[in-house]
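Pasting protein08.tsv here (TSV, C-alpha atoms):
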chain	number	residue	atom	x	y	z
A	1	MET	CA	0.00	0.00	0.00
A	2	SER	CA	1.36	3.42	-0.98
A	3	ALA	CA	1.99	6.01	1.71
A	4	ALA	CA	-0.52	8.85	2.04
A	5	ASN	CA	2.22	11.38	1.26
A	6	LEU	CA	3.03	9.68	-2.07
A	7	ILE	CA	0.98	11.12	-4.93
A	8	GLN	CA	0.72	9.98	-8.53
A	9	LEU	CA	0.51	13.37	-10.24
A	10	SER	CA	-2.64	13.95	-12.26
A	11	ASP	CA	-2.86	17.74	-12.04
A	12	GLU	CA	0.13	20.06	-12.36
A	13	LYS	CA	-1.47	22.41	-9.83
A	14	ASP	CA	-0.94	19.88	-7.02
A	15	LEU	CA	2.80	19.92	-7.57
A	16	ARG	CA	2.95	23.71	-7.93
A	17	ASP	CA	1.00	24.16	-4.71
A	18	ALA	CA	3.30	21.78	-2.85
A	19	LEU	CA	6.40	23.61	-4.08
A	20	GLU	CA	5.08	27.11	-3.46
A	21	ASN	CA	3.10	26.74	-0.26
A	22	LYS	CA	5.03	24.27	1.87
A	23	SER	CA	8.20	24.84	3.82
A	24	GLN	CA	8.93	21.13	3.76
A	25	GLU	CA	10.96	19.49	1.03
A	26	VAL	CA	9.23	17.89	-1.95
A	27	VAL	CA	10.61	14.81	-3.70
A	28	VAL	CA	9.65	14.44	-7.37
A	29	TYR	CA	10.22	11.11	-9.10
A	30	PHE	CA	10.10	11.22	-12.90
A	31	TRP	CA	9.34	7.92	-14.60
A	32	ALA	CA	7.97	6.32	-17.77
A	33	PRO	CA	5.84	3.18	-18.06
A	34	TRP	CA	8.02	1.72	-20.82
A	35	ALA	CA	11.29	2.12	-18.89
A	36	GLU	CA	12.03	-1.15	-17.12
A	37	GLN	CA	14.75	0.48	-15.01
A	38	CYS	CA	12.18	2.73	-13.33
A	39	LYS	CA	10.74	-0.23	-11.44
A	40	GLN	CA	13.87	-0.47	-9.32
A	41	VAL	CA	13.69	3.16	-8.28
A	42	GLU	CA	9.92	3.08	-7.74
A	43	SER	CA	10.17	0.55	-4.92
A	44	VAL	CA	12.83	2.69	-3.25
A	45	VAL	CA	10.67	5.81	-3.56
A	46	ASP	CA	7.77	3.91	-1.98
A	47	ASP	CA	9.99	2.92	0.97
A	48	LEU	CA	11.32	6.46	1.39
A	49	ALA	CA	7.82	7.94	1.36
A	50	ASN	CA	6.89	5.66	4.24
A	51	LYS	CA	10.01	6.61	6.18
A	52	TYR	CA	9.84	10.37	5.56
A	53	SER	CA	6.16	10.85	6.28
A	54	LYS	CA	6.48	14.64	6.65
A	55	THR	CA	7.80	15.00	3.11
A	56	GLN	CA	5.52	15.13	0.06
A	57	PHE	CA	6.52	12.70	-2.68
A	58	PHE	CA	5.23	12.95	-6.26
A	59	LYS	CA	5.42	10.40	-9.06
A	60	VAL	CA	5.43	12.27	-12.38
A	61	GLU	CA	5.07	10.48	-15.70
A	62	ALA	CA	7.69	12.42	-17.64
A	63	GLU	CA	6.14	12.24	-21.10
A	64	GLU	CA	2.64	13.08	-19.88
A	65	PHE	CA	3.82	16.24	-18.11
A	66	GLU	CA	6.23	17.61	-20.69
A	67	ASP	CA	6.26	21.16	-19.31
A	68	ILE	CA	7.33	19.99	-15.86
A	69	SER	CA	9.92	17.66	-17.35
A	70	GLU	CA	11.30	20.47	-19.46
A	71	ALA	CA	11.39	22.86	-16.51
A	72	TYR	CA	13.52	20.38	-14.56
A	73	GLU	CA	15.60	19.44	-17.63
A	74	ILE	CA	14.59	15.78	-17.52
A	75	SER	CA	16.38	14.07	-20.40
A	76	ALA	CA	16.12	10.49	-19.14
A	77	VAL	CA	14.22	8.42	-16.61
A	78	PRO	CA	14.33	7.62	-13.81
A	79	THR	CA	15.27	10.97	-12.30
A	80	VAL	CA	14.64	12.07	-8.73
A	81	ILE	CA	14.50	15.76	-7.85
A	82	ILE	CA	14.46	17.14	-4.30
A	83	ALA	CA	13.09	20.67	-4.13
A	84	LYS	CA	12.18	23.25	-1.51
A	85	LYS	CA	10.18	26.38	-2.36
A	86	ALA	CA	10.66	25.53	-6.05
A	87	LYS	CA	14.45	25.48	-5.67
A	88	ILE	CA	16.31	22.26	-6.48
A	89	ILE	CA	18.40	21.10	-3.53
A	90	GLY	CA	19.12	17.58	-4.74
A	91	ARG	CA	19.08	15.56	-7.94
A	92	VAL	CA	19.82	11.97	-8.97
A	93	ASP	CA	19.72	10.88	-12.61
A	94	GLY	CA	19.44	7.18	-13.41
A	95	VAL	CA	19.31	4.04	-11.30
A	96	ASN	CA	21.54	5.05	-8.39
A	97	VAL	CA	19.61	3.79	-5.41
A	98	ALA	CA	22.33	4.49	-2.86
A	99	GLU	CA	22.60	8.13	-3.94
A	100	ILE	CA	18.80	8.60	-3.92
A	101	VAL	CA	18.61	7.29	-0.36
A	102	LYS	CA	21.58	9.43	0.67
A	103	GLN	CA	20.22	12.68	-0.77
A	104	VAL	CA	16.70	12.17	0.57
A	105	ALA	CA	18.11	11.36	4.02
A	106	ALA	CA	20.24	14.50	3.93
A	107	SER	CA	17.41	16.77	2.84
A	108	CYS	CA	14.25	15.43	4.46
A	109	VAL	CA	12.97	15.03	7.99
A	110	SER	CA	11.91	11.57	9.05
A	111	MET	CA	9.05	10.90	11.45
A	112	PRO	CA	9.60	11.73	15.13
A	113	LEU	CA	11.81	9.21	16.92
A	114	GLN	CA	9.06	8.13	19.29
A	115	GLN	CA	6.67	7.48	16.42
A	116	GLN	CA	9.40	5.68	14.49
A	117	GLN	CA	10.14	3.48	17.50
A	118	GLN	CA	6.46	2.62	17.75
A	119	GLN	CA	6.54	1.52	14.14
A	120	ASP	CA	9.81	-0.38	14.45
A	121	ALA	CA	9.17	-4.05	13.89
A	122	SER	CA	10.67	-7.13	15.46
A	123	PRO	CA	13.40	-8.97	13.51
A	124	GLU	CA	10.81	-11.50	12.42
A	125	ALA	CA	8.50	-8.76	11.15
A	126	LEU	CA	11.38	-7.07	9.31
A	127	LYS	CA	12.21	-10.39	7.66
A	128	GLN	CA	8.58	-10.76	6.67
A	129	ASP	CA	8.58	-7.24	5.18
A	130	LEU	CA	11.69	-8.06	3.13
A	131	ASN	CA	10.13	-11.31	1.94
A	132	THR	CA	7.04	-9.38	0.86
A	133	ARG	CA	9.22	-6.99	-1.13
A	134	LEU	CA	11.18	-9.84	-2.72
A	135	LYS	CA	7.96	-11.58	-3.67
A	136	GLY	CA	6.76	-8.37	-5.29
A	137	LEU	CA	9.97	-8.02	-7.28
A	138	ILE	CA	9.78	-11.63	-8.48
A	139	GLU	CA	6.18	-11.13	-9.57
A	140	ARG	CA	6.89	-7.98	-11.60
A	141	ALA	CA	7.05	-9.96	-14.84
A	142	PRO	CA	6.17	-13.51	-15.95
A	143	VAL	CA	9.89	-13.96	-16.63
A	144	MET	CA	12.12	-12.16	-14.15
A	145	VAL	CA	15.90	-12.31	-13.91
A	146	PHE	CA	18.07	-10.95	-11.11
A	147	ILE	CA	21.47	-9.94	-12.47
A	148	LYS	CA	24.54	-7.83	-11.82
A	149	GLY	CA	24.17	-4.71	-13.92
A	150	THR	CA	21.47	-3.98	-16.46
A	151	ALA	CA	20.19	-5.89	-19.46
A	152	ALA	CA	21.98	-3.40	-21.69
A	153	GLN	CA	25.19	-3.43	-19.65
A	154	PRO	CA	25.63	-6.60	-17.57
A	155	ARG	CA	28.45	-6.31	-15.07
A	156	CYS	CA	29.56	-9.92	-14.89
A	157	GLY	CA	30.08	-12.71	-17.40
A	158	PHE	CA	27.30	-14.93	-16.06
A	159	SER	CA	24.76	-12.09	-16.16
A	160	LYS	CA	25.81	-11.26	-19.72
A	161	LYS	CA	25.44	-14.90	-20.71
A	162	ILE	CA	21.93	-15.37	-19.29
A	163	ILE	CA	20.70	-12.12	-20.88
A	164	GLY	CA	22.13	-13.31	-24.20
A	165	MET	CA	20.36	-16.66	-23.90
A	166	LEU	CA	17.00	-15.06	-23.12
A	167	ASN	CA	17.39	-12.66	-26.04
A	168	GLU	CA	18.29	-15.49	-28.41
A	169	GLN	CA	15.11	-17.32	-27.40
A	170	ASN	CA	13.03	-14.16	-28.00
A	171	ILE	CA	11.87	-14.26	-24.39
A	172	LYS	CA	10.56	-11.01	-22.93
A	173	TYR	CA	11.72	-10.50	-19.38
A	174	GLY	CA	12.00	-8.05	-16.54
A	175	TYR	CA	15.23	-7.64	-14.61
A	176	PHE	CA	16.56	-6.29	-11.35
A	177	ASP	CA	20.12	-5.09	-10.81
A	178	ILE	CA	21.16	-6.59	-7.47
A	179	LEU	CA	24.18	-4.28	-7.31
A	180	THR	CA	21.82	-1.39	-6.59
A	181	ASP	CA	20.32	-2.95	-3.46
A	182	GLU	CA	22.37	-5.01	-1.02
A	183	GLN	CA	19.29	-5.91	1.00
A	184	VAL	CA	17.70	-7.54	-2.03
A	185	ARG	CA	20.98	-9.16	-3.03
A	186	GLN	CA	21.47	-10.87	0.32
A	187	GLY	CA	17.81	-11.47	1.08
A	188	LEU	CA	17.12	-13.24	-2.20
A	189	LYS	CA	19.80	-15.84	-1.45
A	190	THR	CA	17.85	-16.92	1.62
A	191	TYR	CA	14.41	-16.42	0.10
A	192	SER	CA	15.15	-18.65	-2.88
A	193	ASP	CA	17.68	-20.90	-1.13
A	194	TRP	CA	20.00	-20.20	-4.06
A	195	PRO	CA	23.38	-18.66	-3.14
A	196	THR	CA	24.53	-17.24	-6.48
A	197	PHE	CA	23.46	-14.89	-9.26
A	198	PRO	CA	21.99	-14.57	-11.79
A	199	GLN	CA	18.66	-16.09	-10.78
A	200	LEU	CA	15.87	-16.68	-13.29
A	201	TYR	CA	12.20	-16.93	-12.28
A	202	VAL	CA	9.31	-18.01	-14.50
A	203	ASN	CA	5.78	-17.50	-13.21
A	204	SER	CA	7.29	-16.55	-9.82
A	205	GLU	CA	9.08	-19.90	-9.52
A	206	LEU	CA	12.87	-20.17	-9.38
A	207	VAL	CA	14.33	-21.87	-12.45
A	208	GLY	CA	17.99	-21.49	-11.52
A	209	GLY	CA	21.20	-20.00	-12.82
A	210	VAL	CA	23.12	-20.02	-16.09
A	211	ASP	CA	23.89	-23.74	-16.25
A	212	ILE	CA	20.32	-24.87	-15.58
A	213	VAL	CA	18.91	-22.32	-18.01
A	214	ALA	CA	21.34	-23.49	-20.69
A	215	GLU	CA	20.29	-27.11	-20.16
A	216	MET	CA	16.59	-26.21	-20.31
A	217	ILE	CA	17.09	-24.25	-23.52
A	218	GLU	CA	18.89	-27.19	-25.09
A	219	SER	CA	16.12	-29.60	-24.10
A	220	GLY	CA	13.35	-27.18	-25.11
A	221	ASP	CA	11.89	-27.18	-21.61
A	222	LEU	CA	12.42	-23.46	-20.99
A	223	VAL	CA	10.35	-22.26	-23.95
A	224	GLN	CA	7.58	-24.67	-22.97
A	225	MET	CA	7.60	-23.29	-19.44
A	226	VAL	CA	7.50	-19.62	-20.44
A	227	PRO	CA	3.96	-18.22	-20.85
A	228	GLU	CA	2.91	-17.33	-24.37
A	229	GLU	CA	2.70	-13.59	-23.64
A	230	ALA	CA	6.39	-13.59	-22.71
A	231	ILE	CA	7.49	-14.82	-26.13
A	232	ALA	CA	8.24	-12.02	-28.58
A	233	LYS	CA	6.43	-12.50	-31.86
Take the structure in this file and express it as structure tokens.
Amino acid sequence: MSAANLIQLSDEKDLRDALENKSQEVVVYFWAPWAEQCKQVESVVDDLANKYSKTQFFKVEAEEFEDISEAYEISAVPTVIIAKKAKIIGRVDGVNVAEIVKQVAASCVSMPLQQQQQQDASPEALKQDLNTRLKGLIERAPVMVFIKGTAAQPRCGFSKKIIGMLNEQNIKYGYFDILTDEQVRQGLKTYSDWPTFPQLYVNSELVGGVDIVAEMIESGDLVQMVPEEAIAK
């Protein structure tokens, strides 16, 4: 469930009012529905909105609100802007989760300590929250692969190999760069009981790593397992 202070922008006036009338910082997340890389940042923005409940967060579809995008010189998505009284005090272009978290933490006020302590969960509850997030990531696409780097620029040989195999089979897939989120990287090893990366999931079920995927491609089992809508025509 999205935080109450996280707004999907539908009227430019809402953003203008927030920038002009509030003394608190405003975080503006520019995204596009076709940009797979935005999904990684979106989950981080959701988490930050929950943590910094006094700060107004906006999700702005960059191509729908061209004037706003132009005003903030948005040339690519995702981009996160931190503003106060219409003045930019922070900016992160691209999928740089660590920098987004750092700049928001430096600029925004989190909830009062007492309230935060009341909301602090037990270790078991925190583990459950992480598992819920991991489940959500796995379910983002019928075919989901967790790799080091991006699909366009894998950052290890095994990740490059599995992306190449999926492309050769004309399989449409979503991906998550585990190098951008250490919590996901470590948590997924326990969640899936699989200690290495990349990890391929089909219909939310773990298939395995490079060697298993290669074997399943050779036998024809992988294409049979993949849902029809995930095969590029």
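One distance worth recording is that between CA of Ile163 in chain A and CA of Leu130 in chain A, which is 26.0 Å.
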Would you mind listing what lies within 10 Å of Phe158 in chain A as a ChimeraX atom specification, with only C-alpha atoms counted and same-chain residues fewer than 6 positions away left out?
/A:147-148,164,197-198,209-211
From the options A:Ile178, A:Ile231, A:Val60, A:Val101, which residue's atoms come nearest to Thr196 in chain A, counting only C-alpha atoms?
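With only C-alpha atoms as the atom set, the closest residue is A:Ile178.
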Sphere at (10.5, 18.6, 1.2), radius 8 Å, counting only C-alpha atoms: residues as a JSON list (two decimals) with C-alpha atoms, in the frame of the given file:
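Written out: point14.json:
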[["chain", "number", "residue", "atom", "x", "y", "z"],
["A", 22, "LYS", "CA", 5.03, 24.27, 1.87],
["A", 23, "SER", "CA", 8.20, 24.84, 3.82],
["A", 24, "GLN", "CA", 8.93, 21.13, 3.76],
["A", 25, "GLU", "CA", 10.96, 19.49, 1.03],
["A", 26, "VAL", "CA", 9.23, 17.89, -1.95],
["A", 27, "VAL", "CA", 10.61, 14.81, -3.70],
["A", 54, "LYS", "CA", 6.48, 14.64, 6.65],
["A", 55, "THR", "CA", 7.80, 15.00, 3.11],
["A", 56, "GLN", "CA", 5.52, 15.13, 0.06],
["A", 82, "ILE", "CA", 14.46, 17.14, -4.30],
["A", 83, "ALA", "CA", 13.09, 20.67, -4.13],
["A", 84, "LYS", "CA", 12.18, 23.25, -1.51],
["A", 107, "SER", "CA", 17.41, 16.77, 2.84],
["A", 108, "CYS", "CA", 14.25, 15.43, 4.46]]
Any idea what the distance is between CA of Pro154 in chain A and CA of Ser69 in chain A?
28.9 Å
Could you list as a list in words every residue that has an atom within 7 Å of (10.8, 9.6, -4.6), using the file's coordinates and counting only C-alpha atoms?
Val27, Val28, Tyr29, Val45, Asp46, Leu48, Ala49, Phe57, Phe58 and Val80 of chain A
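When CA of Ile171 in chain A is paired with CA of Lys189 in chain A, their separation reads 24.3 Å.
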Please identify all polymer residues within 10 Å of range 135-142 of chain A, counting only C-alpha atoms, omitting same-chain residues fewer than 4 positions from it, and present them as a list in words.
Lys39, Gln40, Ser43, Asp129, Leu130, Asn131, Phe146, Lys172, Tyr173, Gly174, Tyr175, Phe176, Val184, Leu188, Tyr191, Leu200, Tyr201, Val202, Asn203, Ser204, Glu205, Leu206, Val226, Pro227, Glu228, Glu229 and Ala230 of chain A
